[in-house]
Structures are given as C-alpha cells and as structure tokens.
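*Asks:* Below is a structure I'd like to ask you about.
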Amino acid sequence: MEAGTENMDDTPTVMAPLVLLSKSNPVFGCYMFWTSLLVLKMLLMSLLTARQRMKTKTFANPEDLRINRSPEVRFGDPSVERVRRAHRNDLENVLPFVLMSLVYVASGPHPLTARLLIRIGASARLLHTLVYAIIPVPQPARALAFFTTFGITCFEAGYVFVCCLRFI
Amino acid sequence: MEAGTENMDDTPTVMAPLVLLSKSNPVFGCYMFWTSLLVLKMLLMSLLTARQRMKTKTFANPEDLRINRSPEVRFGDPSVERVRRAHRNDLENVLPFVLMSLVYVASGPHPLTARLLIRIGASARLLHTLVYAIIPVPQPARALAFFTTFGITCFEAGYVFVCCLRFI
Amino acid sequence: MEAGTENMDDTPTVMAPLVLLSKSNPVFGCYMFWTSLLVLKMLLMSLLTARQRMKTKTFANPEDLRINRSPEVRFGDPSVERVRRAHRNDLENVLPFVLMSLVYVASGPHPLTARLLIRIGASARLLHTLVYAIIPVPQPARALAFFTTFGITCFEAGYVFVCCLRFI
C-alpha cells in the first residue's frame with residue numbers, strides 16, 4: 001500500500017496521464033507481473049495437452065503418428081478433451097481479462113482497488129486451471145474460480161464503459 | 001468531432017507521441033469505450049452457453065452432472081454448439097480486432113478515420129453475435145457483419161504494416 | 001542496429017519510461033510491424049477455413065446451406081478440421097505471444113535482444129502456419145516452429161516476472 005502511495009506522490013500530477021502504461025506506475029507493474037504469470041499458465045496448458053496426447057496415443061494429425069509410433073489418428077479421448085476444454089476456457093476468459101485489465105489500468109483507476117482486482121482475478125484463474133485440468137474436484141470449486149475472474153472482468157469493463165462514455 | 005479536435009489542439013505538438021495511449025487522446029478514449037463493450041459481449045457468450053447447456057442438459061464434465069441433476073455427460077447438442085461456434089468466432093475475430101486497434105491507435109492515425117473504424121468495427125461484431133447466437137437469421141446477414149470487422153482489421157494491419165516498415 | 005541505438009541516444013534518460021509504448025521507441029515500432037503481420041496471418045486462417053468448407057461442402061449452420069447449395073449440415077471433414085486446428089493453435093499461441101511481447105516491450109528490455117526475439121518469434125509462427133495448414137510436411141517441422149515461439153514467449157514472461165517481482 002505504502003509503496004504505491006509513495007510512487008504516486010513522486011509523480012507530478014500534470015504528468016499522471018502520461019505514465020499510466022509504464023513501469024513508473026505501480027498498478028501497471030502489478031498488471032505486468034500477473035500477466036506474465038497468466039501467460040506462463042496458458043502456455044503450460046499446451047504441454048499438458050501434449051502429455052495427455054502421448055499418454056493416450058491420441059494424435060489428430062497423420063504426420064504426428066510416425067514420430068510417436070501410433071497406428072492411426074484418434075479424436076475425443078476424455079482426458080485429452082478435458083485439458084482442451086480447460087485451455088479453451090482460458091482463451092475465452094484469460095485473454096479478455098488481460099486485455100480488459102490493460103485498458104482498465106490505462107483509464108487511471110484507484111491504485112489500491114486496481115491492484116487488488118488484478119491480483120484476485122489472476123489468482124482465481126490459476127486456481128481454475130488447478131481444479132479443472134490438474135486435479136478435477138467436485139463443483140462448485142470450478143464455478144467459484146470461474147465467476148471470480150468473470151465478475152472482475154465485468155466490473156473493469158463497466159468502469160471503463162462509464163468513464164469513457166463521452167468518447168462514444 | 002469538435003471535442004476530438006479540441007483535445008488534440010490542447011496537446012503541444014512535441015508531446016504528441018507520448019499521449020497516444022492515454023485518455024488525453026480522444027481516439028484512445030473511443031478505443032477504450034468500444035473495447036469495454038466488446039469484452040462485455042464476449043463474456044455474455046459464456047452465460048449464453050451455460051443457459052443452453054442447462055436447457056438441454058448437455059454437460060461435458062462428470063463433476064457438473066450432480067449439481068445439475070443430469071444422468072451422463074453429453075456432447076454435440078446443436079443449440080449448445082451454435083453458441084460455442086459464435087463464441088469461437090469471437091475469439092478468432094474480436095481479440096485480433098481489439099489488439100490490432102490498440103496498435104493502430106498507437107501508430108497515430110488520423111483521429112476521425114480511426115474513431116470511425118473503431119466504432120463501425122465494434123458495432124458490426126455486436127450485430128454478428130445478434131444474428132448468429134441470439135436470433136439466427138438467413139445469410140448474408142452474418143457474412144456482412146463478419147466481413148465488416150474483418151475488412152477493418154485488415155485495413156488497420158495494413159496501415160501499421162506500411163507505417164512501421166522501416167522497423168522491420 | 002544503428003537506427004535503434006541512435007534513437008535511444010536522442011531520448012533523454014529521464015523520459016525513457018514514458019516513450020516505451022510509442023513509435024519513438026524502435027522496439028515498439030518493430031513490435032507493431034510484426035503484430036500487424038501476425039494479425040493478417042490469423043485473419044487469413046478464416047479465409048482458408050471458408051475455402052475448405054466450400055470445397056468440401058462442409059457447413060456447420062443450417063442458414064449457410066442455401067447460399068452454398070449444400071443439402072445438409074456436416075461436421076468433421078479432415079481438411080476443414082486441419083485448418084481449424086491450425087487456427088485454434090494460433091489463438092493459443094499467437095495471442096499470448098502478442099500480448100506478452102507488448103508487456104515485455106513495456107518493461108524496457110535491451111533493444112537488440114527484444115527486437116531479435118520479436119522477429120524470430122513472429123517469423124516462426126508464419127512458418128508454423130505454412131507447414132501445418134498450407135503444405136503439411138512431416139514432423140518435426142511443425143514442432144520446431146511451435147517451440148521456437150513457445151520458448152520466446154516463456155522467456156519474455158520470465159523476464160517480466162523477475163523484473164516486476166516487487167509489484168506482486
């Protein structure tokens with residue numbers, strides 16, 4: 001908290017709008033940190049899919065068969081499809097969250113609120129992957145993780161919507 | 001129009017490149033507004049999918065069955081798949097449009113052109129969802145909405161391509 | 001190389017953080033150029049899918065049948081599915097690469113390294129599409145192209161992770 005307030009005080013008020021998307025803005029620093037984590041997590045999904053494909057010998061392309069000593073292309077293996085659904089869910093939710101948070105940070109929100117939302121939203125997605133693709137647990141674990149980030153992205157979009165209404 | 005021109009005049013010429021990605025640039029304000037709308041629309045697709053899944057009792061994960069009192073996992077219900085195709089189409093087109101427009105705004109295009117392109121491109125995607133997932137209407141309604149945003153994204157990419165060719 | 005160094009020298013040190021996301025930063029210019037190419041490539045995938053759908057008369061929506069004089073909806077045609085898998089692979093890898101590179105550029109990396117990574121990462125994805133969806137060639141061509149961009153995105157994420165750790 002204090003670090004944030006300090007940095008904001010160092011910056012002269014007249015320059016504030018200019019530095020929102022730079023490391024001198026601690027909110028953007030926080031955004032950068034959590035974005036890097038979320039991107040790493042999304043890339044991990046590709047490796048998880050590859051692992052499941054090799055384990056179950058489910059390859060979708062003829063050219064992948066030889067290197068993996070698999071007789072024919074296969075589709076629809078349940079454990080491969082689970083990871084793919086989790087991955088697609090990431091595309092549908094993590095990418096909008098990351099993009100929306102960027103625009104939200106650029107709209108100059110209250111620093112403490114913004115950093116809290118980014119931290120919670122990103123952590124919830126890490127948890128979502130854990131309970132969906134790594135250790136499947138009964139609902140509502142996944143639903144709770146899902147709707148946390150979902151709600152935060154909605155809030156950020158609503159905030160930017162109201163604050164940029166005059167630019168329509 | 002006048003609001004935009006005014007804001008541009010307030011900004012001293014020497015600082016112009018610095019403020020392109022901040023609210024003091026009305027083009028970026030316009031971009032922020034429409035991005036927030038598009039993100040809200042994309043999130044709505046998740047809710048539409050969930051509604052169709054509940055209506056048709058089509059759940060893809062075993063852990064979702066109990067809470068929804070459904071006997072077994074099911075795939076391929078036509079009304080669920082329609083919303084999912086519309087959602088995937090959004091991932092394939094809205095996300096590139098939003099990213100490309102951000103870079104386009106950062107390249108310092110003519111303010112009136114840029115705002116017009118952003119407004120039309122985003123509106124066409126709202127319309128696309130309406131005629132694809134909410135009220136399916138005969139072609140070419142969906143194709144027209146699709147190619148409007150598609151063409152605008154191409155134009156923005158071409159503009160940035162030419163204007164940044166020296167940085168190759 | 002020299003253009004980059006020159007530009008960096010022109011910029012007074014005190015302003016450096018402000019101009020990272022503007023055309024006055026040659027690294028961002030390079031990012032803009034390659035992003036425009038990658039977006040054009042992603043849009044091309046939609047056209048490739050449409051071409052395969054028309055060639056094989058595989059339409060997923062009832063409203064598309066009449067205009068294409070096709071008797072019924074069809075799914076799962078191998079050549080359509082190949083392009084769709086390549087397109088989905090783009091969503092899973094190009095979008096994170098583009099987003100991560102933006103944040104990486106904003107973190108102020110060494111200009112030469114950054115531009116090299118952006119050029120190689122983007123070129124590898126162009127190659128990936130070529131060997132996946134246009135001219136299918138035996139592995140490991142596709143795997144090599146895939147892991148080049150994959151590794152670069154990981155490196156960028158790791159760099160930003162370390163450099164923004166204090167903003168956690």
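Naming scheme: A, B, ... for chains in displayed order of the structure tokens; residues 1 onward per chain; ligands 1 onward as shown.
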Quick check: residues of chain B within 6 Å of chain C, only C-alpha atoms, returned as a list in words.
*Replies:* Leu18, Pro138, Ala157, Phe161, Cys164, Phe167 and Ile168 of chain B
*Asks:* Give me a file of those residues, with C-alpha atoms, as a PDB file, in the first residue's frame.
*Replies:*
ATOM      1  CA  LEU B  18       3.708  10.353 -25.661  1.00  0.00           C
ATOM      2  CA  PRO B 138     -30.682 -16.175 -43.092  1.00  0.00           C
ATOM      3  CA  ALA B 157      -2.990  -4.111 -40.028  1.00  0.00           C
ATOM      4  CA  PHE B 161       2.477  -2.564 -41.691  1.00  0.00           C
ATOM      5  CA  CYS B 164       6.256   0.620 -39.432  1.00  0.00           C
ATOM      6  CA  PHE B 167      11.369  -1.002 -38.141  1.00  0.00           C
ATOM      7  CA  ILE B 168      11.217  -4.454 -39.796  1.00  0.00           C
TER       8      ILE B 168
END
*Asks:* Can you list, as a list in words, every protein, DNA or RNA residue that comes within 6 Å of region 104-108 of chain B when you count only C-alpha atoms, leaving out same-chain residues fewer than 3 positions away?
*Replies:*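 Here the answer would be Leu20, Met100, Ser101 and Glu156 of chain B.
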*Asks:* Over every C-alpha pair, in sequence order, do a least-squares fit of chain B onto chain C and save the fitted chain as a CSV table (one decimal) with C-alpha atoms, in the first residue's frame.
*Replies:*
chain,number,residue,atom,x,y,z
B,1,MET,CA,20.9,-1.7,-35.2
B,2,GLU,CA,22.3,1.7,-35.8
B,3,ALA,CA,18.9,3.2,-36.4
B,4,GLY,CA,17.8,1.8,-33.0
B,5,THR,CA,20.8,3.1,-31.1
B,6,GLU,CA,20.4,6.5,-32.7
B,7,ASN,CA,16.7,6.8,-31.7
B,8,MET,CA,17.6,5.8,-28.1
B,9,ASP,CA,20.3,8.4,-27.9
B,10,ASP,CA,17.9,11.2,-29.1
B,11,THR,CA,15.6,10.4,-26.2
B,12,PRO,CA,16.7,12.1,-22.9
B,13,THR,CA,17.2,9.5,-20.2
B,14,VAL,CA,14.7,11.1,-17.8
B,15,MET,CA,11.9,10.6,-20.3
B,16,ALA,CA,12.8,7.0,-21.2
B,17,PRO,CA,10.0,5.2,-19.3
B,18,LEU,CA,7.4,7.4,-20.9
B,19,VAL,CA,8.1,6.6,-24.5
B,20,LEU,CA,8.4,2.8,-24.3
B,21,LEU,CA,5.0,2.3,-25.8
B,22,SER,CA,5.2,4.8,-28.6
B,23,LYS,CA,6.7,4.9,-32.1
B,24,SER,CA,9.7,6.9,-30.8
B,25,ASN,CA,10.9,3.6,-29.3
B,26,PRO,CA,12.2,1.4,-32.1
B,27,VAL,CA,11.5,-1.7,-30.2
B,28,PHE,CA,7.8,-0.9,-30.1
B,29,GLY,CA,8.0,0.0,-33.8
B,30,CYS,CA,9.4,-3.5,-34.4
B,31,TYR,CA,6.6,-5.0,-32.2
B,32,MET,CA,4.0,-3.0,-34.2
B,33,PHE,CA,5.3,-4.2,-37.5
B,34,TRP,CA,5.3,-7.9,-36.6
B,35,THR,CA,2.0,-7.7,-34.8
B,36,SER,CA,0.4,-6.4,-37.9
B,37,LEU,CA,1.9,-9.3,-39.9
B,38,LEU,CA,0.7,-11.9,-37.3
B,39,VAL,CA,-2.8,-10.4,-37.2
B,40,LEU,CA,-3.0,-10.6,-41.1
B,41,LYS,CA,-1.9,-14.2,-40.9
B,42,MET,CA,-4.5,-15.0,-38.3
B,43,LEU,CA,-7.2,-13.4,-40.4
B,44,LEU,CA,-6.0,-15.5,-43.4
B,45,MET,CA,-6.9,-18.6,-41.5
B,46,SER,CA,-10.6,-17.7,-41.6
B,47,LEU,CA,-10.4,-17.4,-45.3
B,48,LEU,CA,-8.6,-20.8,-45.6
B,49,THR,CA,-11.3,-22.4,-43.4
B,50,ALA,CA,-14.0,-20.8,-45.7
B,51,ARG,CA,-12.2,-22.1,-48.8
B,52,GLN,CA,-12.0,-25.7,-47.4
B,53,ARG,CA,-15.7,-25.5,-46.3
B,54,MET,CA,-16.7,-24.5,-49.8
B,55,LYS,CA,-14.5,-27.1,-51.5
B,56,THR,CA,-15.8,-30.0,-49.3
B,57,LYS,CA,-19.4,-28.5,-48.9
B,58,THR,CA,-19.0,-28.8,-45.1
B,59,PHE,CA,-21.2,-26.2,-43.5
B,60,ALA,CA,-22.0,-26.1,-39.8
B,61,ASN,CA,-25.0,-23.8,-39.8
B,62,PRO,CA,-28.4,-24.5,-41.5
B,63,GLU,CA,-28.6,-20.8,-42.7
B,64,ASP,CA,-25.3,-21.3,-44.7
B,65,LEU,CA,-26.7,-24.2,-46.8
B,66,ARG,CA,-28.9,-22.3,-49.2
B,67,ILE,CA,-26.4,-19.8,-50.4
B,68,ASN,CA,-23.9,-22.6,-51.0
B,69,ARG,CA,-26.4,-25.1,-52.5
B,70,SER,CA,-25.5,-27.8,-50.0
B,71,PRO,CA,-28.1,-30.3,-48.9
B,72,GLU,CA,-27.4,-30.6,-45.1
B,73,VAL,CA,-25.1,-29.5,-42.3
B,74,ARG,CA,-21.9,-31.6,-42.0
B,75,PHE,CA,-19.1,-31.7,-39.5
B,76,GLY,CA,-15.7,-33.3,-39.1
B,77,ASP,CA,-14.3,-33.1,-42.7
B,78,PRO,CA,-10.5,-33.8,-42.3
B,79,SER,CA,-9.3,-30.9,-44.4
B,80,VAL,CA,-11.6,-28.4,-42.7
B,81,GLU,CA,-10.6,-29.7,-39.3
B,82,ARG,CA,-6.9,-29.4,-40.1
B,83,VAL,CA,-7.3,-25.7,-40.8
B,84,ARG,CA,-9.4,-25.2,-37.7
B,85,ARG,CA,-6.8,-27.0,-35.6
B,86,ALA,CA,-4.1,-24.7,-37.0
B,87,HIS,CA,-6.4,-21.7,-36.4
B,88,ARG,CA,-7.0,-22.8,-32.8
B,89,ASN,CA,-3.3,-23.3,-32.3
B,90,ASP,CA,-2.8,-19.7,-33.4
B,91,LEU,CA,-5.3,-18.5,-30.8
B,92,GLU,CA,-3.5,-20.5,-28.1
B,93,ASN,CA,0.0,-19.2,-29.1
B,94,VAL,CA,-0.1,-16.1,-31.2
B,95,LEU,CA,-2.4,-14.1,-29.0
B,96,PRO,CA,-0.3,-14.9,-25.8
B,97,PHE,CA,2.9,-14.1,-27.7
B,98,VAL,CA,1.5,-10.7,-28.9
B,99,LEU,CA,0.2,-9.8,-25.5
B,100,MET,CA,3.3,-11.0,-23.7
B,101,SER,CA,5.6,-9.1,-26.1
B,102,LEU,CA,3.7,-5.9,-25.5
B,103,VAL,CA,4.2,-6.2,-21.8
B,104,TYR,CA,7.8,-7.3,-22.4
B,105,VAL,CA,8.5,-4.1,-24.5
B,106,ALA,CA,6.8,-2.0,-21.7
B,107,SER,CA,9.2,-3.5,-19.2
B,108,GLY,CA,12.1,-1.9,-21.0
B,109,PRO,CA,14.3,-4.8,-22.1
B,110,HIS,CA,17.6,-4.5,-24.0
B,111,PRO,CA,16.6,-3.1,-27.5
B,112,LEU,CA,18.7,-5.6,-29.6
B,113,THR,CA,17.6,-8.7,-27.7
B,114,ALA,CA,13.9,-7.6,-27.7
B,115,ARG,CA,13.8,-6.9,-31.4
B,116,LEU,CA,15.6,-10.2,-32.1
B,117,LEU,CA,13.1,-12.1,-30.0
B,118,ILE,CA,10.1,-10.4,-31.6
B,119,ARG,CA,11.4,-11.1,-35.1
B,120,ILE,CA,12.2,-14.7,-34.6
B,121,GLY,CA,9.1,-15.4,-32.6
B,122,ALA,CA,6.8,-13.9,-35.2
B,123,SER,CA,8.6,-15.5,-38.1
B,124,ALA,CA,8.4,-19.0,-36.5
B,125,ARG,CA,4.6,-18.6,-36.3
B,126,LEU,CA,4.4,-17.7,-40.0
B,127,LEU,CA,6.4,-20.8,-40.7
B,128,HIS,CA,4.1,-22.9,-38.4
B,129,THR,CA,1.0,-22.0,-40.4
B,130,LEU,CA,2.9,-22.8,-43.6
B,131,VAL,CA,3.8,-26.3,-42.5
B,132,TYR,CA,0.5,-27.0,-40.7
B,133,ALA,CA,-2.3,-25.6,-42.8
B,134,ILE,CA,-0.9,-24.8,-46.2
B,135,ILE,CA,1.7,-27.5,-47.1
B,136,PRO,CA,1.6,-30.3,-44.4
B,137,VAL,CA,5.1,-31.6,-44.0
B,138,PRO,CA,6.4,-34.4,-41.8
B,139,GLN,CA,7.4,-33.7,-38.2
B,140,PRO,CA,9.5,-32.2,-36.6
B,141,ALA,CA,9.0,-29.2,-38.9
B,142,ARG,CA,5.8,-28.1,-37.1
B,143,ALA,CA,7.1,-29.0,-33.6
B,144,LEU,CA,10.3,-26.9,-34.2
B,145,ALA,CA,8.3,-23.8,-35.3
B,146,PHE,CA,5.9,-24.3,-32.4
B,147,PHE,CA,8.6,-24.5,-29.7
B,148,THR,CA,10.5,-21.5,-31.0
B,149,THR,CA,7.7,-19.1,-30.4
B,150,PHE,CA,6.7,-21.1,-27.3
B,151,GLY,CA,10.2,-20.7,-25.8
B,152,ILE,CA,10.4,-17.0,-26.7
B,153,THR,CA,7.0,-16.3,-25.0
B,154,CYS,CA,8.2,-18.2,-21.9
B,155,PHE,CA,11.5,-16.2,-21.8
B,156,GLU,CA,9.6,-12.9,-22.1
B,157,ALA,CA,7.2,-14.0,-19.4
B,158,GLY,CA,10.1,-15.0,-17.2
B,159,TYR,CA,11.9,-11.7,-17.8
B,160,VAL,CA,8.8,-9.7,-16.9
B,161,PHE,CA,8.1,-12.0,-13.9
B,162,VAL,CA,11.5,-11.3,-12.4
B,163,CYS,CA,11.6,-7.7,-13.3
B,164,CYS,CA,8.2,-7.0,-11.8
B,165,LEU,CA,8.5,-9.2,-8.7
B,166,ARG,CA,8.5,-6.3,-6.4
B,167,PHE,CA,5.0,-5.3,-7.6
B,168,ILE,CA,3.5,-8.7,-6.7
*Asks:* Can you check which residues of region 52-107 of chain A DSSP gives as alpha helix (DSSP H) on the backbone and send them as a PyMOL selection string?
*Replies:* chain A and resi 52-56+78-106
*Asks:* Take the residues from that selection and put them in a file with C-alpha atoms, as a PDB file, in the first residue's frame.
*Replies:*
ATOM      1  CA  GLN A  52      -2.209 -36.388 -22.385  1.00  0.00           C
ATOM      2  CA  ARG A  53      -1.952 -36.969 -26.135  1.00  0.00           C
ATOM      3  CA  MET A  54       1.223 -39.019 -25.684  1.00  0.00           C
ATOM      4  CA  LYS A  55      -0.129 -40.935 -22.682  1.00  0.00           C
ATOM      5  CA  THR A  56      -3.312 -41.926 -24.519  1.00  0.00           C
ATOM      6  CA  PRO A  78     -11.803 -37.900 -22.471  1.00  0.00           C
ATOM      7  CA  SER A  79      -8.566 -36.881 -20.708  1.00  0.00           C
ATOM      8  CA  VAL A  80      -7.272 -35.025 -23.785  1.00  0.00           C
ATOM      9  CA  GLU A  81     -10.630 -33.298 -24.236  1.00  0.00           C
ATOM     10  CA  ARG A  82     -10.718 -32.195 -20.577  1.00  0.00           C
ATOM     11  CA  VAL A  83      -7.394 -30.349 -20.934  1.00  0.00           C
ATOM     12  CA  ARG A  84      -8.533 -28.894 -24.256  1.00  0.00           C
ATOM     13  CA  ARG A  85     -11.765 -27.627 -22.681  1.00  0.00           C
ATOM     14  CA  ALA A  86      -9.748 -26.053 -19.859  1.00  0.00           C
ATOM     15  CA  HIS A  87      -7.447 -24.471 -22.440  1.00  0.00           C
ATOM     16  CA  ARG A  88     -10.359 -23.126 -24.462  1.00  0.00           C
ATOM     17  CA  ASN A  89     -11.886 -21.753 -21.278  1.00  0.00           C
ATOM     18  CA  ASP A  90      -8.618 -19.876 -20.760  1.00  0.00           C
ATOM     19  CA  LEU A  91      -8.817 -18.370 -24.234  1.00  0.00           C
ATOM     20  CA  GLU A  92     -12.377 -17.283 -23.519  1.00  0.00           C
ATOM     21  CA  ASN A  93     -11.629 -15.746 -20.141  1.00  0.00           C
ATOM     22  CA  VAL A  94      -7.936 -15.094 -19.530  1.00  0.00           C
ATOM     23  CA  LEU A  95      -7.343 -13.176 -22.772  1.00  0.00           C
ATOM     24  CA  PRO A  96     -10.357 -10.844 -22.225  1.00  0.00           C
ATOM     25  CA  PHE A  97      -9.272 -10.382 -18.590  1.00  0.00           C
ATOM     26  CA  VAL A  98      -5.711  -9.474 -19.611  1.00  0.00           C
ATOM     27  CA  LEU A  99      -6.892  -7.092 -22.368  1.00  0.00           C
ATOM     28  CA  MET A 100      -9.593  -5.510 -20.208  1.00  0.00           C
ATOM     29  CA  SER A 101      -7.203  -5.018 -17.294  1.00  0.00           C
ATOM     30  CA  LEU A 102      -4.761  -3.247 -19.601  1.00  0.00           C
ATOM     31  CA  VAL A 103      -7.464  -0.810 -20.711  1.00  0.00           C
ATOM     32  CA  TYR A 104      -8.687  -0.519 -17.106  1.00  0.00           C
ATOM     33  CA  VAL A 105      -5.181   0.408 -15.913  1.00  0.00           C
ATOM     34  CA  ALA A 106      -4.971   2.953 -18.760  1.00  0.00           C
TER      35      ALA A 106
END
